[in-house]
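Working notes for the structure below.
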Amino acid sequence: MGIGRRKLAALFAVAVIGGMTGCAGSDSGAEEDGGPSASAPVSDARRMSESLTLLKGYRSLGLKGEFRGDSLKTFDLHADRHGNCAGTYVEIGTTTDVVVIGDRGWLRYGDKMLENTRSFAKTYVPDKLAVVEEAVEKARGKYVEYPAREMLRYPGLILCDPGRAFAKVPGTVSSAEKKGNPRTKSGERTVQLTHGSGGDEVSVHVPEKGGSVPRGIDFSLGDAPVLLELGDYDEPVRVKPPSRADIVSAEAVKGLDAIFE
């Protein structure tokens, strides 16, 4: 993005929040006699608000962590606000490749997932086994193409659309408190600032030594807790569609869904 634009974005976030919270009395940076005073420490609420404002403003983000829905899924995605997303998710020990470009999306299911689907059909819906096996063979090693709007309904894949994924996360907060123990990643310790409670609780992880860049966020999507590490701020999402020879339509492998019907 360039050092000038990155600094301006951070300064703008601080200025906006500072204007919203207001400063008066001793917080104005001057004593009653007009002499200089030490800078007042930044409150946890203000620091968390600055971090959330930055989060809401990034054009793209790396998102790595857990979606704790009906089954645990781990995600490693890079997504932007223009409909581009690339990465993987892991569920029940099997990895699925994810590609989204605009209104189209593709998933390449791992062999283990396909074999699990076959085994489930054989045990629980043997009358549908032939249909499932045909779909499994067509999907093996291929990218299954879906409309993006349908693909992003799959639990957790809404993370490929940061605007929607973080829509209910507040942009600023009126109160915050430190919770949990500092974490260390890549040599940097972070602290957790938390606002709200229950299903509305949101936490951001910011550098322990100062600054408001969000290194992680914990929140909920529906009833599912989501814990994410953040990075690759404003980096371009490098993604291209699979070759036509490697694509199969969702219609051609709809037998994969037979076990749920």
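As shown in the structure tokens, the chain order sets the letters A, B, ...; within each chain, residues go from 1, and ligands are also counted from 1 in the order they appear.
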Each residue of range 170-252 of chain A lying at most 7 Å from range 127-148 of chain A should get a row with its shortest atom-to-atom pair and the distance in Å to one decimal, counting only C-alpha atoms; could you produce that, ordered by chain and increasing number, as a Markdown table?
| residue | atom | partner | partner_atom | distance |
| --- | --- | --- | --- | --- |
| A:Asp246 | CA | A:Lys142 | CA | 5.1 |
| A:Ile247 | CA | A:Tyr143 | CA | 4.7 |
| A:Val248 | CA | A:Val144 | CA | 5.0 |
| A:Ser249 | CA | A:Glu145 | CA | 5.0 |
| A:Ala250 | CA | A:Glu145 | CA | 5.6 |
>> Applying 7 Å and only C-alpha atoms, which residues near Phe219 in chain A remain after dropping the ones on its own chain fewer than 5 positions away? List them as a PyMOL selection string.
In response: chain A and resi 201-203+225-227
> What lies within 9 Å of Leu72 in chain A using only C-alpha atoms, ignoring chain neighbours under 4 positions off, as a ChimeraX atom specification?
Replying inline: /A:66-68,90-92
Expected file: the selected residues, N, CA and C atoms, as a PDB file, in the first residue's frame:
ATOM      1  N   GLU A  66     -10.029 -20.988  13.825  1.00  0.00           N
ATOM      2  CA  GLU A  66     -11.028 -22.022  14.032  1.00  0.00           C
ATOM      3  C   GLU A  66     -12.447 -21.477  13.948  1.00  0.00           C
ATOM      4  N   PHE A  67     -13.325 -22.298  13.375  1.00  0.00           N
ATOM      5  CA  PHE A  67     -14.773 -22.070  13.382  1.00  0.00           C
ATOM      6  C   PHE A  67     -15.361 -23.245  14.155  1.00  0.00           C
ATOM      7  N   ARG A  68     -15.909 -22.959  15.332  1.00  0.00           N
ATOM      8  CA  ARG A  68     -16.369 -24.021  16.231  1.00  0.00           C
ATOM      9  C   ARG A  68     -17.878 -24.199  16.127  1.00  0.00           C
ATOM     10  N   VAL A  90      -9.955 -27.270   6.925  1.00  0.00           N
ATOM     11  CA  VAL A  90      -9.774 -28.657   7.338  1.00  0.00           C
ATOM     12  C   VAL A  90     -10.926 -29.038   8.248  1.00  0.00           C
ATOM     13  N   GLU A  91     -11.562 -30.159   7.946  1.00  0.00           N
ATOM     14  CA  GLU A  91     -12.677 -30.659   8.750  1.00  0.00           C
ATOM     15  C   GLU A  91     -12.561 -32.166   8.864  1.00  0.00           C
ATOM     16  N   ILE A  92     -12.626 -32.671  10.072  1.00  0.00           N
ATOM     17  CA  ILE A  92     -12.498 -34.104  10.365  1.00  0.00           C
ATOM     18  C   ILE A  92     -11.254 -34.660   9.683  1.00  0.00           C
TER      19      ILE A  92
END
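Ranking A:Lys73, A:Asp232, A:His78, A:Arg104 by their shortest atom-to-atom distance to Pro155 in chain A, with only C-alpha atoms included, puts A:Lys73 first.
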